[in-house]
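Undergrad: Sharing data_10.tsv, TSV, C-alpha atoms and all ligand atoms:
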```tsv
chain	number	residue	atom	x	y	z
A	19	MET	CA	106.14	78.79	117.62
A	20	SER	CA	104.75	81.49	119.86
A	21	ILE	CA	101.63	80.22	121.52
A	22	TYR	CA	99.54	82.70	123.46
A	23	LYS	CA	96.49	81.84	125.52
A	24	SER	CA	93.94	84.25	124.14
A	25	ASN	CA	92.24	84.63	127.47
A	26	ASP	CA	95.47	85.71	129.17
A	27	TYR	CA	95.46	88.71	126.96
A	28	ILE	CA	91.88	89.57	127.65
A	29	VAL	CA	92.21	89.45	131.43
A	30	GLN	CA	95.85	90.49	131.76
A	31	SER	CA	96.13	93.75	133.62
A	32	ILE	CA	98.12	96.57	132.14
A	33	GLU	CA	98.99	97.79	135.60
A	34	GLY	CA	102.37	99.43	135.85
A	35	ASN	CA	102.04	100.85	132.38
A	36	GLN	CA	103.18	104.47	132.50
A	37	LEU	CA	102.29	105.31	128.93
A	38	PRO	CA	98.95	106.52	127.62
A	39	ILE	CA	97.16	103.62	125.96
A	40	SER	CA	95.71	105.52	123.02
A	41	TYR	CA	98.04	106.53	120.18
A	42	GLU	CA	96.62	110.05	120.11
A	43	GLU	CA	97.36	110.57	123.81
A	44	LEU	CA	100.81	109.00	123.41
A	45	GLU	CA	101.56	111.55	120.70
A	46	GLN	CA	100.48	114.36	123.04
A	47	ALA	CA	102.68	112.97	125.84
A	48	ALA	CA	105.65	112.92	123.43
A	49	LYS	CA	104.88	116.50	122.46
A	50	ALA	CA	105.13	117.48	126.12
A	51	ALA	CA	108.40	115.54	126.55
A	52	LEU	CA	110.25	116.89	123.50
A	53	SER	CA	111.36	120.31	122.29
A	54	PRO	CA	108.88	121.80	119.77
A	55	GLN	CA	111.52	121.35	117.04
A	56	ALA	CA	112.24	117.70	117.82
A	57	PHE	CA	108.53	116.83	118.19
A	58	SER	CA	107.72	118.53	114.93
A	59	TYR	CA	110.59	116.71	113.18
A	60	ILE	CA	109.18	113.34	114.26
A	61	ALA	CA	105.47	114.05	113.91
A	62	SER	CA	105.23	116.05	110.73
A	63	GLY	CA	104.96	114.98	107.11
A	64	ALA	CA	106.18	116.68	103.96
A	65	GLY	CA	104.31	119.47	102.17
A	66	ALA	CA	100.69	119.95	103.25
A	67	GLU	CA	100.83	116.52	104.97
A	68	GLU	CA	98.25	115.17	102.52
A	69	THR	CA	99.91	111.74	102.45
A	70	ALA	CA	100.36	111.63	106.22
A	71	HIS	CA	96.60	112.16	106.55
A	72	LYS	CA	95.86	109.63	103.80
A	73	ASN	CA	97.88	107.00	105.67
A	74	LYS	CA	95.57	107.42	108.64
A	75	ASN	CA	92.27	107.79	106.82
A	76	ALA	CA	92.84	104.95	104.36
A	77	PHE	CA	92.66	102.37	107.17
A	78	GLN	CA	89.10	103.40	107.92
A	79	ARG	CA	88.00	102.41	104.42
A	80	TYR	CA	89.02	98.77	104.95
A	81	SER	CA	86.81	96.69	107.20
A	82	ILE	CA	87.44	93.34	108.83
A	83	VAL	CA	84.77	90.67	108.37
A	84	PRO	CA	85.26	88.25	111.29
A	85	LYS	CA	84.60	84.54	110.77
A	86	LEU	CA	83.75	83.07	114.14
A	87	LEU	CA	83.29	79.85	116.16
A	88	ASN	CA	86.84	78.71	115.41
A	89	ASP	CA	88.22	77.88	118.92
A	90	VAL	CA	90.73	80.70	119.21
A	91	SER	CA	91.80	79.86	122.75
A	92	GLU	CA	95.41	79.55	121.61
A	93	LEU	CA	97.13	81.87	119.15
A	94	ASP	CA	100.31	81.40	117.16
A	95	THR	CA	101.59	84.77	115.97
A	96	SER	CA	104.90	83.53	114.57
A	97	ILE	CA	106.08	84.10	110.99
A	98	SER	CA	108.98	82.90	108.87
A	99	LEU	CA	111.08	85.36	106.93
A	100	PHE	CA	114.32	84.69	105.06
A	101	GLY	CA	114.64	81.26	106.64
A	102	LYS	CA	114.17	82.49	110.23
A	103	THR	CA	111.19	82.23	112.53
A	104	TYR	CA	110.13	85.35	114.40
A	105	PRO	CA	107.63	85.22	117.27
A	106	THR	CA	105.54	88.12	115.98
A	107	PRO	CA	104.86	89.61	112.53
A	108	PHE	CA	106.34	92.97	113.61
A	109	VAL	CA	109.56	94.82	112.81
A	110	LEU	CA	110.63	98.22	114.18
A	111	ALA	CA	111.06	100.68	111.30
A	112	PRO	CA	114.37	102.48	110.74
A	113	VAL	CA	114.24	105.88	112.39
A	114	GLY	CA	117.26	108.16	112.22
A	115	VAL	CA	118.58	110.41	114.97
A	116	LEU	CA	116.72	108.51	117.72
A	117	LYS	CA	119.04	110.07	120.27
A	118	GLN	CA	117.04	113.28	120.06
A	119	ALA	CA	114.13	111.33	121.63
A	120	ASP	CA	116.23	109.68	124.35
A	121	GLU	CA	119.96	109.67	125.18
A	122	GLN	CA	120.06	105.86	124.83
A	123	GLY	CA	118.35	106.05	121.40
A	124	ASP	CA	118.91	102.90	119.35
A	125	PHE	CA	120.36	101.02	122.34
A	126	ALA	CA	117.12	101.46	124.29
A	127	VAL	CA	114.98	100.45	121.31
A	128	THR	CA	116.94	97.33	120.37
A	129	ARG	CA	117.04	96.19	124.01
A	130	ALA	CA	113.28	96.60	124.35
A	131	ALA	CA	112.60	94.93	120.98
A	132	SER	CA	114.88	92.01	121.81
A	133	LYS	CA	112.60	91.02	124.71
A	134	PHE	CA	109.92	90.24	122.12
A	135	GLY	CA	112.21	88.81	119.42
A	136	ILE	CA	111.21	91.76	117.23
A	137	PRO	CA	113.86	92.88	114.70
A	138	PHE	CA	115.06	96.47	115.00
A	139	ILE	CA	116.19	98.19	111.80
A	140	GLN	CA	119.07	100.55	112.51
A	141	SER	CA	119.10	103.68	110.34
A	142	THR	CA	122.11	104.85	108.32
A	143	VAL	CA	121.75	108.17	110.19
A	144	SER	CA	121.87	106.65	113.66
A	145	SER	CA	123.66	108.46	116.48
A	146	PHE	CA	125.57	105.25	117.19
A	147	SER	CA	127.76	103.00	115.08
A	148	ILE	CA	126.68	99.68	113.59
A	149	GLU	CA	129.14	97.91	115.91
A	150	GLU	CA	127.84	99.66	119.05
A	151	VAL	CA	124.22	98.86	118.19
A	152	GLY	CA	125.21	95.32	117.23
A	153	GLN	CA	126.66	94.76	120.69
A	154	SER	CA	123.92	96.53	122.66
A	155	SER	CA	121.46	93.62	122.63
A	156	ASP	CA	121.33	90.05	121.40
A	157	GLY	CA	118.05	90.65	119.58
A	158	PRO	CA	117.65	90.46	115.78
A	159	LYS	CA	118.82	93.54	113.87
A	160	TRP	CA	118.62	94.68	110.26
A	161	PHE	CA	120.52	97.59	108.74
A	162	GLN	CA	118.87	100.37	106.69
A	163	LEU	CA	120.98	101.86	103.93
A	164	TYR	CA	120.69	105.33	102.46
A	165	TRP	CA	122.77	104.93	99.33
A	166	THR	CA	125.82	107.19	99.35
A	167	SER	CA	127.22	109.25	96.45
A	168	LEU	CA	130.49	107.39	96.92
A	169	GLU	CA	129.26	103.80	96.70
A	170	ASP	CA	132.26	102.41	98.57
A	171	ILE	CA	130.83	103.99	101.73
A	172	SER	CA	127.58	102.04	101.20
A	173	PHE	CA	129.54	98.83	100.63
A	174	SER	CA	131.59	99.53	103.75
A	175	PHE	CA	128.40	99.99	105.85
A	176	VAL	CA	126.98	96.74	104.47
A	177	LYS	CA	130.18	94.83	105.23
A	178	ARG	CA	130.26	96.27	108.75
A	179	ALA	CA	126.61	95.28	109.26
A	180	GLU	CA	127.37	91.73	108.10
A	181	GLU	CA	130.33	91.49	110.46
A	182	ALA	CA	128.29	92.90	113.35
A	183	GLY	CA	125.68	90.14	112.95
A	184	PHE	CA	122.90	92.11	111.29
A	185	GLU	CA	120.48	89.83	109.42
A	186	ALA	CA	119.22	91.89	106.48
A	187	ILE	CA	119.90	95.05	104.49
A	188	VAL	CA	117.01	97.46	103.88
A	189	VAL	CA	117.73	99.89	101.05
A	190	THR	CA	115.48	102.94	101.26
A	191	ILE	CA	114.69	104.00	97.70
A	192	ASP	CA	112.28	106.91	98.31
A	193	THR	CA	114.81	109.32	99.80
A	194	VAL	CA	117.22	110.17	97.00
A	195	THR	CA	116.72	113.73	98.24
A	196	LEU	CA	114.99	114.97	101.38
A	197	GLY	CA	111.21	115.55	101.27
A	198	PHE	CA	110.05	119.18	101.43
A	199	ARG	CA	109.21	119.30	105.11
A	200	GLU	CA	107.57	122.65	105.68
A	201	LYS	CA	107.55	122.46	109.48
A	202	ASP	CA	111.28	121.74	109.72
A	203	LEU	CA	111.93	124.61	107.32
A	204	PHE	CA	109.77	126.87	109.49
A	205	HIS	CA	111.77	125.88	112.57
A	206	GLY	CA	115.06	125.98	110.65
A	207	TYR	CA	115.69	122.60	112.30
A	208	SER	CA	117.91	119.75	111.14
A	209	PRO	CA	118.85	117.07	113.70
A	210	LEU	CA	121.78	116.13	111.45
A	211	ALA	CA	123.22	119.62	111.89
A	212	HIS	CA	122.81	119.13	115.67
A	213	GLY	CA	125.12	116.12	115.43
A	214	TYR	CA	122.51	113.39	116.01
A	215	GLY	CA	123.08	111.24	112.93
A	216	GLN	CA	126.83	110.71	112.71
A	217	GLY	CA	127.47	107.37	114.43
A	218	ASN	CA	128.03	105.30	111.31
A	219	PHE	CA	129.93	107.97	109.40
A	220	GLU	CA	132.43	109.12	112.02
A	221	SER	CA	133.39	105.46	112.54
A	222	ASP	CA	133.85	104.69	108.84
A	223	ASP	CA	137.34	104.89	107.35
A	224	VAL	CA	136.06	105.13	103.78
A	225	PHE	CA	133.85	108.12	104.67
A	226	LEU	CA	136.56	109.79	106.75
A	227	SER	CA	138.99	109.50	103.84
A	228	THR	CA	136.67	111.79	101.78
A	229	LEU	CA	137.02	114.69	104.25
A	230	ASP	CA	139.69	117.40	104.06
A	231	GLU	CA	139.54	117.77	107.84
A	232	VAL	CA	137.77	115.79	110.58
A	233	SER	CA	135.59	118.35	112.33
A	234	ASN	CA	131.95	118.31	113.34
A	235	SER	CA	130.89	120.63	110.53
A	236	ALA	CA	132.93	118.70	107.93
A	237	ILE	CA	131.27	115.45	109.03
A	238	VAL	CA	127.77	116.97	108.86
A	239	ASP	CA	128.42	118.51	105.43
A	240	GLY	CA	129.95	115.22	104.27
A	241	ILE	CA	126.89	113.22	105.40
A	242	ILE	CA	124.48	115.56	103.62
A	243	LYS	CA	126.58	115.35	100.45
A	244	GLN	CA	126.67	111.55	100.64
A	245	ILE	CA	123.04	110.71	101.36
A	246	ASN	CA	121.47	112.93	98.71
A	247	TYR	CA	121.97	110.73	95.67
A	248	PRO	CA	119.33	111.25	92.95
A	249	ALA	CA	121.34	109.11	90.49
A	250	LEU	CA	120.31	105.95	92.37
A	251	ASN	CA	118.96	103.32	89.95
A	252	TRP	CA	118.50	99.57	89.49
A	253	SER	CA	122.14	99.02	88.53
A	254	HIS	CA	123.15	99.99	92.09
A	255	ILE	CA	120.84	97.36	93.53
A	256	GLU	CA	122.30	94.75	91.16
A	257	LYS	CA	125.79	95.72	92.31
A	258	LEU	CA	124.79	95.49	95.95
A	259	LYS	CA	123.48	91.97	95.30
A	260	GLU	CA	127.01	90.95	94.37
A	261	LYS	CA	128.48	92.53	97.51
A	262	THR	CA	126.42	90.83	100.20
A	263	SER	CA	124.96	87.47	101.03
A	264	LEU	CA	122.41	89.05	103.39
A	265	PRO	CA	118.81	89.34	102.22
A	266	ILE	CA	118.17	92.74	100.58
A	267	LEU	CA	114.81	94.49	100.98
A	268	LEU	CA	113.78	97.62	99.09
A	269	LYS	CA	111.86	100.11	101.27
A	270	GLY	CA	109.59	102.68	99.68
A	271	VAL	CA	107.98	100.64	96.91
A	272	LEU	CA	104.54	101.98	95.87
A	273	HIS	CA	104.31	101.18	92.14
A	274	PRO	CA	103.53	97.60	91.04
A	275	ASP	CA	106.07	97.94	88.19
A	276	ASP	CA	108.81	98.63	90.73
A	277	ALA	CA	107.67	95.61	92.72
A	278	LEU	CA	107.97	93.40	89.62
A	279	ARG	CA	111.36	94.88	88.76
A	280	ALA	CA	112.52	94.22	92.33
A	281	VAL	CA	111.58	90.55	91.93
A	282	ASP	CA	113.44	90.36	88.59
A	283	CYS	CA	116.43	92.05	90.14
A	284	GLY	CA	116.65	89.22	92.66
A	285	VAL	CA	116.09	91.16	95.89
A	286	GLU	CA	114.74	89.05	98.71
A	287	GLY	CA	111.94	91.32	99.94
A	288	LEU	CA	110.20	94.64	99.59
A	289	ILE	CA	108.56	97.12	101.90
A	290	VAL	CA	105.48	98.96	100.71
A	291	SER	CA	105.97	102.38	102.29
A	292	ASN	CA	105.59	106.10	101.74
A	293	HIS	CA	108.02	106.89	104.57
A	294	GLY	CA	105.16	107.94	106.86
A	295	GLY	CA	104.27	110.79	104.49
A	296	ARG	CA	107.68	112.42	105.03
A	297	GLN	CA	108.96	112.23	101.47
A	298	LEU	CA	106.84	113.11	98.40
A	299	ASP	CA	103.57	114.60	99.59
A	300	GLY	CA	100.49	113.61	97.63
A	301	VAL	CA	101.53	109.99	97.07
A	302	ILE	CA	99.15	107.09	97.55
A	303	SER	CA	98.62	105.76	101.07
A	304	SER	CA	100.62	102.61	101.73
A	305	VAL	CA	97.49	100.62	102.53
A	306	ASP	CA	95.95	101.54	99.16
A	307	ALA	CA	99.19	100.59	97.37
A	308	LEU	CA	99.48	97.21	99.10
A	309	PRO	CA	96.84	94.96	97.41
A	310	GLU	CA	98.05	95.53	93.84
A	311	ILE	CA	101.67	94.95	94.85
A	312	VAL	CA	100.77	91.75	96.69
A	313	ASN	CA	98.92	90.67	93.58
A	314	VAL	CA	101.80	91.22	91.13
A	315	VAL	CA	104.47	89.81	93.46
A	316	ASN	CA	102.28	86.72	93.85
A	317	GLY	CA	104.22	85.20	96.74
A	318	LYS	CA	107.61	85.24	94.96
A	319	ILE	CA	109.21	87.32	97.73
A	320	PRO	CA	107.90	88.65	101.06
A	321	VAL	CA	106.02	91.95	100.96
A	322	LEU	CA	106.28	93.94	104.17
A	323	PHE	CA	104.04	96.88	105.06
A	324	ASP	CA	105.02	100.25	106.53
A	325	SER	CA	103.37	103.64	107.16
A	326	GLY	CA	100.44	104.40	109.41
A	327	VAL	CA	100.12	101.39	111.72
A	328	ARG	CA	98.91	102.63	115.09
A	329	ARG	CA	96.83	99.83	116.56
A	330	GLY	CA	96.50	96.07	116.49
A	331	SER	CA	93.53	96.22	114.14
A	332	ASP	CA	95.57	98.24	111.59
A	333	ALA	CA	98.15	95.46	111.57
A	334	LEU	CA	95.41	92.86	111.20
A	335	LYS	CA	94.06	94.64	108.12
A	336	VAL	CA	97.39	94.82	106.28
A	337	LEU	CA	98.25	91.21	107.06
A	338	ALA	CA	94.82	90.22	105.75
A	339	LEU	CA	95.52	92.30	102.64
A	340	GLY	CA	98.57	90.12	102.04
A	341	ALA	CA	101.51	91.72	103.88
A	342	ASP	CA	103.97	89.18	105.29
A	343	ALA	CA	105.15	91.42	108.15
A	344	VAL	CA	104.43	94.90	109.48
A	345	LEU	CA	106.73	97.78	110.39
A	346	ILE	CA	105.94	100.03	113.33
A	347	GLY	CA	107.36	103.58	113.30
A	348	ARG	CA	106.22	106.71	115.15
A	349	PRO	CA	104.44	104.93	118.04
A	350	TYR	CA	107.69	103.42	119.33
A	351	VAL	CA	109.55	106.71	118.84
A	352	TYR	CA	106.96	108.54	120.96
A	353	SER	CA	107.16	105.81	123.62
A	354	LEU	CA	110.95	106.23	123.68
A	355	ALA	CA	110.58	109.99	124.10
A	356	VAL	CA	108.10	109.61	126.96
A	357	HIS	CA	109.73	106.83	128.94
A	358	GLY	CA	112.95	105.58	127.34
A	359	GLU	CA	113.62	101.85	127.03
A	360	GLN	CA	110.81	101.02	129.49
A	361	GLY	CA	108.46	103.12	127.40
A	362	VAL	CA	109.25	101.10	124.26
A	363	GLU	CA	108.83	97.86	126.20
A	364	GLN	CA	105.48	99.00	127.60
A	365	PHE	CA	104.30	100.14	124.21
A	366	LEU	CA	105.19	96.79	122.63
A	367	THR	CA	103.46	94.91	125.45
A	368	THR	CA	100.28	96.92	124.96
A	369	PHE	CA	100.45	96.78	121.16
A	370	LEU	CA	100.86	93.00	121.18
A	371	GLN	CA	97.93	92.66	123.59
A	372	ASP	CA	95.84	94.75	121.23
A	373	PHE	CA	96.98	92.67	118.22
A	374	ASN	CA	96.33	89.36	119.96
A	375	SER	CA	92.93	90.48	121.15
A	376	SER	CA	92.13	91.61	117.57
A	377	MET	CA	93.16	88.19	116.20
A	378	THR	CA	91.03	86.44	118.79
A	379	LEU	CA	87.97	88.53	118.05
A	380	SER	CA	88.41	88.01	114.30
A	381	GLY	CA	88.31	84.25	114.74
A	382	VAL	CA	91.83	83.52	113.47
A	383	LYS	CA	94.42	81.55	115.39
A	384	ASP	CA	97.55	81.96	113.32
A	385	ILE	CA	99.02	84.25	110.69
A	386	ASN	CA	98.12	81.89	107.85
A	387	GLN	CA	94.46	81.98	108.86
A	388	LEU	CA	94.76	85.73	109.29
A	389	LYS	CA	95.98	86.06	105.72
A	390	GLN	CA	92.84	84.30	104.46
A	391	MET	CA	90.61	86.69	106.40
A	392	LYS	CA	87.95	88.63	104.53
A	393	ILE	CA	88.49	92.39	104.23
A	394	VAL	CA	86.03	94.68	102.44
A	395	HIS	CA	86.81	98.11	101.02
A	396	ASP	CA	84.37	101.09	100.95
B	1	LIG	C1	111.67	110.80	112.91
B	1	LIG	C2	111.70	109.81	111.79
B	1	LIG	C3	112.92	109.48	111.21
B	1	LIG	C4	112.98	108.53	110.19
B	1	LIG	N1	114.20	108.14	109.69
B	1	LIG	C5	114.26	107.19	108.72
B	1	LIG	C6	115.51	106.72	108.25
B	1	LIG	O1	116.56	107.13	108.73
B	1	LIG	N2	115.50	105.79	107.26
B	1	LIG	C7	114.34	105.29	106.72
B	1	LIG	O2	114.38	104.45	105.82
B	1	LIG	N3	113.15	105.71	107.18
B	1	LIG	C8	113.08	106.64	108.16
B	1	LIG	N4	111.87	107.03	108.65
B	1	LIG	C9	110.63	106.42	108.11
B	1	LIG	C10	110.24	105.18	108.91
B	1	LIG	O3	111.14	104.14	108.67
B	1	LIG	C11	108.84	104.71	108.50
B	1	LIG	O4	108.80	104.56	107.11
B	1	LIG	C12	107.75	105.70	108.92
B	1	LIG	O5	107.96	106.12	110.24
B	1	LIG	C13	106.39	105.03	108.78
B	1	LIG	O6	105.36	105.91	109.09
B	1	LIG	P1	104.61	105.85	110.52
B	1	LIG	O7	105.66	106.06	111.55
B	1	LIG	O8	103.66	107.01	110.46
B	1	LIG	O9	103.95	104.52	110.60
B	1	LIG	C14	111.79	107.96	109.69
B	1	LIG	C15	110.56	108.30	110.29
B	1	LIG	C16	110.51	109.20	111.32
B	1	LIG	C17	109.18	109.51	111.96
```
Once more with this new file: its structure as structure tokens, please.
TA:
Amino acid sequence: MSIYKSNDYIVQSIEGNQLPISYEELEQAAKAALSPQAFSYIASGAGAEETAHKNKNAFQRYSIVPKLLNDVSELDTSISLFGKTYPTPFVLAPVGVLKQADEQGDFAVTRAASKFGIPFIQSTVSSFSIEEVGQSSDGPKWFQLYWTSLEDISFSFVKRAEEAGFEAIVVTIDTVTLGFREKDLFHGYSPLAHGYGQGNFESDDVFLSTLDEVSNSAIVDGIIKQINYPALNWSHIEKLKEKTSLPILLKGVLHPDDALRAVDCGVEGLIVSNHGGRQLDGVISSVDALPEIVNVVNGKIPVLFDSGVRRGSDALKVLALGADAVLIGRPYVYSLAVHGEQGVEQFLTTFLQDFNSSMTLSGVKDINQLKQMKIVHD
């Protein structure tokens, strides 16, 4: 159990915080800290960024209806997932090439997250290997898989993640090819080509055995060839089920039929996500997709939420709409760019204060009560 005294959060000073408090100012600070190409890579969405805007605007159409006089002097923010208890309902989303934001990349993020017991999801296209990230903190870690054209590479990654103590496998299903990201095309920028996403590949014997020569350009070309795999289908997920005893989550689910199929397929969880508007532009906002998916899944497996969470009240809304846990993406990446590991730690401190204060003011003292909270939709 994680018991917080509500009042501590209200009076606790945020002195020493070197990050802007507001998300919008944090984004501007990251813009100043990064090259225009790197900032644009992180901030932008695909196409005309219609979905990226929808993710933000959709939250404003859902309103919290507080139910008060409930003695909220103590809060319990803990949740249970896959047989484990976590002190908060938050998970850090998989973000590739984090090293372009800070030299310490994934190491800095997992160390900061571990102080809060928050799981960090390492991306397939991390700058560091699964083993290096596994050893860099004793906090909980999950591994995100981009399926590879040669499936033995995927199975090798999963085995390595198991051996390195990772606790779940997150298969991203919305990226069978890269989204049409106009800003990156304008800049002619690919962080993969700059060598930022190789950690897991250059340390994998199965991948290396596919190359004619081991050079930087051969590795980059090999990665691009492997992670674009439009043939991905349900049979791959069924096969993966046989290969691992770790819980499998599918990330990128937006259609209720896919959610039902995921349950039938025996996966342990799913993540409602549109990849932060970076993949197919014009798709539904994650928050609009969530209620129907929660409804059809009907508690059979956990439904996690991802895409667009910026503040504590956003998280409150999606938990009240039925999500079992919430992924945080760009805000922690910006914090990393502005102030490294300390930046991520400060961001999480502030975000949790905001979340706890939002729970208190809504009149709910634990996540179960939060999930019964009334939300209305314009
Ligand atoms: C710079 C960047 C890189 C990302 N890399 C990955 C990745 O490697 N694998 C993945 O599944 N999702 C990746 N994502 C998507 C995130 O996991 C998450 O879905 C997205 O950031 C959610 O949107 P939000 O940050 O606006 O909340 C990336 C997102 C960003 C911003």
Undergrad: Collect all residues with atoms no farther than 9 Å from ligand LIG 1 (chain B), counting only C-alpha atoms and all ligand atoms, and output them as a count of residues only.
TA: 55
Undergrad: Report the distance between atom CA of Val176 of chain A and atom CA of Leu308 of chain A in Å, rounded to one decimal place.
TA: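 These two atoms are separated by 28.0 Å.
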Undergrad: Which residue, A:Phe100, A:Phe108, A:Trp160, A:Phe77, has the smallest gap to Phe369 of chain A when you use only C-alpha atoms?
TA: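 That would be A:Phe108, the residue with the smallest distance to Phe369 of chain A.
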Undergrad: Give me, as JSON lines, the closest atom pair and its distance (Å, one decimal) for every residue of segment 237-292 of chain A within a cut-off of 12 Å of segment 329-341 of chain A, counting all atoms listed in the file, rows sorted by chain and rising number.
TA:
```
{"residue": "A:Gly287", "atom": "CA", "partner": "A:Ala341", "partner_atom": "CA", "distance": 11.2}
{"residue": "A:Leu288", "atom": "CA", "partner": "A:Ala341", "partner_atom": "CA", "distance": 10.1}
{"residue": "A:Ile289", "atom": "CA", "partner": "A:Ala341", "partner_atom": "CA", "distance": 9.1}
{"residue": "A:Val290", "atom": "CA", "partner": "A:Ala341", "partner_atom": "CA", "distance": 8.8}
{"residue": "A:Ser291", "atom": "CA", "partner": "A:Ala341", "partner_atom": "CA", "distance": 11.7}
```
Undergrad: Would you mind telling me which residue in A:Leu379, A:Arg199, A:Ala355, A:Ile82 lies nearest to Lys392 of chain A when using all atoms listed in the file?
TA: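 Selected residue with least distance to Lys392 of chain A: A:Ile82.
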Undergrad: With a cut-off of 8 Å, could you pull out the residues of segment 286-385 of chain A touching segment 84-99 of chain A and give me the nearest pair of atoms for each, distance in Å to one decimal, using only C-alpha atoms, ordered by chain and ascending number, as a Markdown table?
TA:
```
| residue | atom | partner | partner_atom | distance |
| --- | --- | --- | --- | --- |
| A:Pro320 | CA | A:Leu99 | CA | 7.4 |
| A:Asp342 | CA | A:Ile97 | CA | 7.9 |
| A:Ala343 | CA | A:Ile97 | CA | 7.9 |
| A:Asn374 | CA | A:Leu93 | CA | 7.6 |
| A:Thr378 | CA | A:Val90 | CA | 5.8 |
| A:Leu379 | CA | A:Pro84 | CA | 7.3 |
| A:Ser380 | CA | A:Pro84 | CA | 4.4 |
| A:Gly381 | CA | A:Leu86 | CA | 4.7 |
| A:Val382 | CA | A:Val90 | CA | 6.5 |
| A:Lys383 | CA | A:Leu93 | CA | 4.6 |
| A:Asp384 | CA | A:Asp94 | CA | 4.8 |
| A:Ile385 | CA | A:Thr95 | CA | 5.9 |
```
Undergrad: For C-alpha atoms, I'd like the residues from the last selection saved as an mmCIF file, keeping the file's coordinate frame.
TA:
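Wrote it out as result-v6.cif, contents follow:
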```cif
data_model
loop_
_atom_site.group_PDB
_atom_site.id
_atom_site.type_symbol
_atom_site.label_atom_id
_atom_site.label_comp_id
_atom_site.auth_asym_id
_atom_site.auth_seq_id
_atom_site.Cartn_x
_atom_site.Cartn_y
_atom_site.Cartn_z
ATOM 1 C CA PRO A 320 107.900 88.650 101.060
ATOM 2 C CA ASP A 342 103.970 89.180 105.290
ATOM 3 C CA ALA A 343 105.150 91.420 108.150
ATOM 4 C CA ASN A 374 96.330 89.360 119.960
ATOM 5 C CA THR A 378 91.030 86.440 118.790
ATOM 6 C CA LEU A 379 87.970 88.530 118.050
ATOM 7 C CA SER A 380 88.410 88.010 114.300
ATOM 8 C CA GLY A 381 88.310 84.250 114.740
ATOM 9 C CA VAL A 382 91.830 83.520 113.470
ATOM 10 C CA LYS A 383 94.420 81.550 115.390
ATOM 11 C CA ASP A 384 97.550 81.960 113.320
ATOM 12 C CA ILE A 385 99.020 84.250 110.690
#
```
Undergrad: Any idea what the distance is between atom CA of Gly300 of chain A and atom CA of Phe138 of chain A?
TA: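 Here the two named atoms are 28.4 Å from each other.
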Undergrad: Quick one: residues within 9 Å of Asp396 of chain A, only C-alpha atoms counted, chain neighbours fewer than 5 positions away excluded, as a compact mmCIF listing (two decimals) with C-alpha atoms, keeping the file's coordinate frame?
TA:
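As a result, out.txt now contains:
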```txt
# COMPACT_ATOMS: atom_id res chain seq x y z
CA GLN A 78 89.10 103.40 107.92
CA ARG A 79 88.00 102.41 104.42
CA TYR A 80 89.02 98.77 104.95
CA SER A 81 86.81 96.69 107.20
```
Undergrad: If you measure from atom CA of Ser353 of chain A to atom CA of Pro158 of chain A, what distance in Å do you get, rounded to one decimal?
TA: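 Separation between atom CA of Ser353 of chain A and atom CA of Pro158 of chain A: 20.2 Å.
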Undergrad: Within 12 Å of Glu363 of chain A, counting all atoms listed in the file, which residues qualify if same-chain residues fewer than 4 places away don't, as JSON, numbers by chain?
TA: {"A": [34, 35, 36, 37, 126, 127, 128, 129, 130, 131, 132, 133, 134, 135, 136, 349, 350, 351, 353, 354, 356, 357, 358, 359, 367, 368, 369, 370]}
Undergrad: Residues near Gly183 of chain A, anyone? I mean within 8 Å using only C-alpha atoms, not counting same-chain ones fewer than 2 positions away, as a JSON list (two decimals) with C-alpha atoms, keeping the file's coordinate frame.
TA:
```json
[["chain", "number", "residue", "atom", "x", "y", "z"],
["A", 152, "GLY", "CA", 125.21, 95.32, 117.23],
["A", 159, "LYS", "CA", 118.82, 93.54, 113.87],
["A", 179, "ALA", "CA", 126.61, 95.28, 109.26],
["A", 180, "GLU", "CA", 127.37, 91.73, 108.10],
["A", 181, "GLU", "CA", 130.33, 91.49, 110.46],
["A", 185, "GLU", "CA", 120.48, 89.83, 109.42]]
```
Undergrad: Taking only C-alpha atoms into account, produce a table as CSV in which each residue of segment 145-171 of chain A with an atom at most 12 Å from an atom of segment 226-236 of chain A appears once, together with its shortest atom pair and the distance in Å to one decimal, ordered by chain and rising number.
TA:
```
residue,atom,partner,partner_atom,distance
A:Ser167,CA,A:Thr228,CA,11.1
A:Leu168,CA,A:Thr228,CA,9.0
A:Asp170,CA,A:Thr228,CA,10.9
A:Ile171,CA,A:Leu226,CA,9.6
```
Undergrad: Measuring between only C-alpha atoms, which one of A:Ala182, A:Ile241, A:Val285, A:Pro274 shows the shortest distance to Ile311 of chain A?
TA: A:Pro274
Undergrad: Using all atoms listed in the file, which of the listed residues (A:Val194, A:His205, A:Lys257, A:Gly217) sits closest to Glu149 of chain A?
TA: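 Distance minimum relative to Glu149 of chain A lands on A:Gly217.
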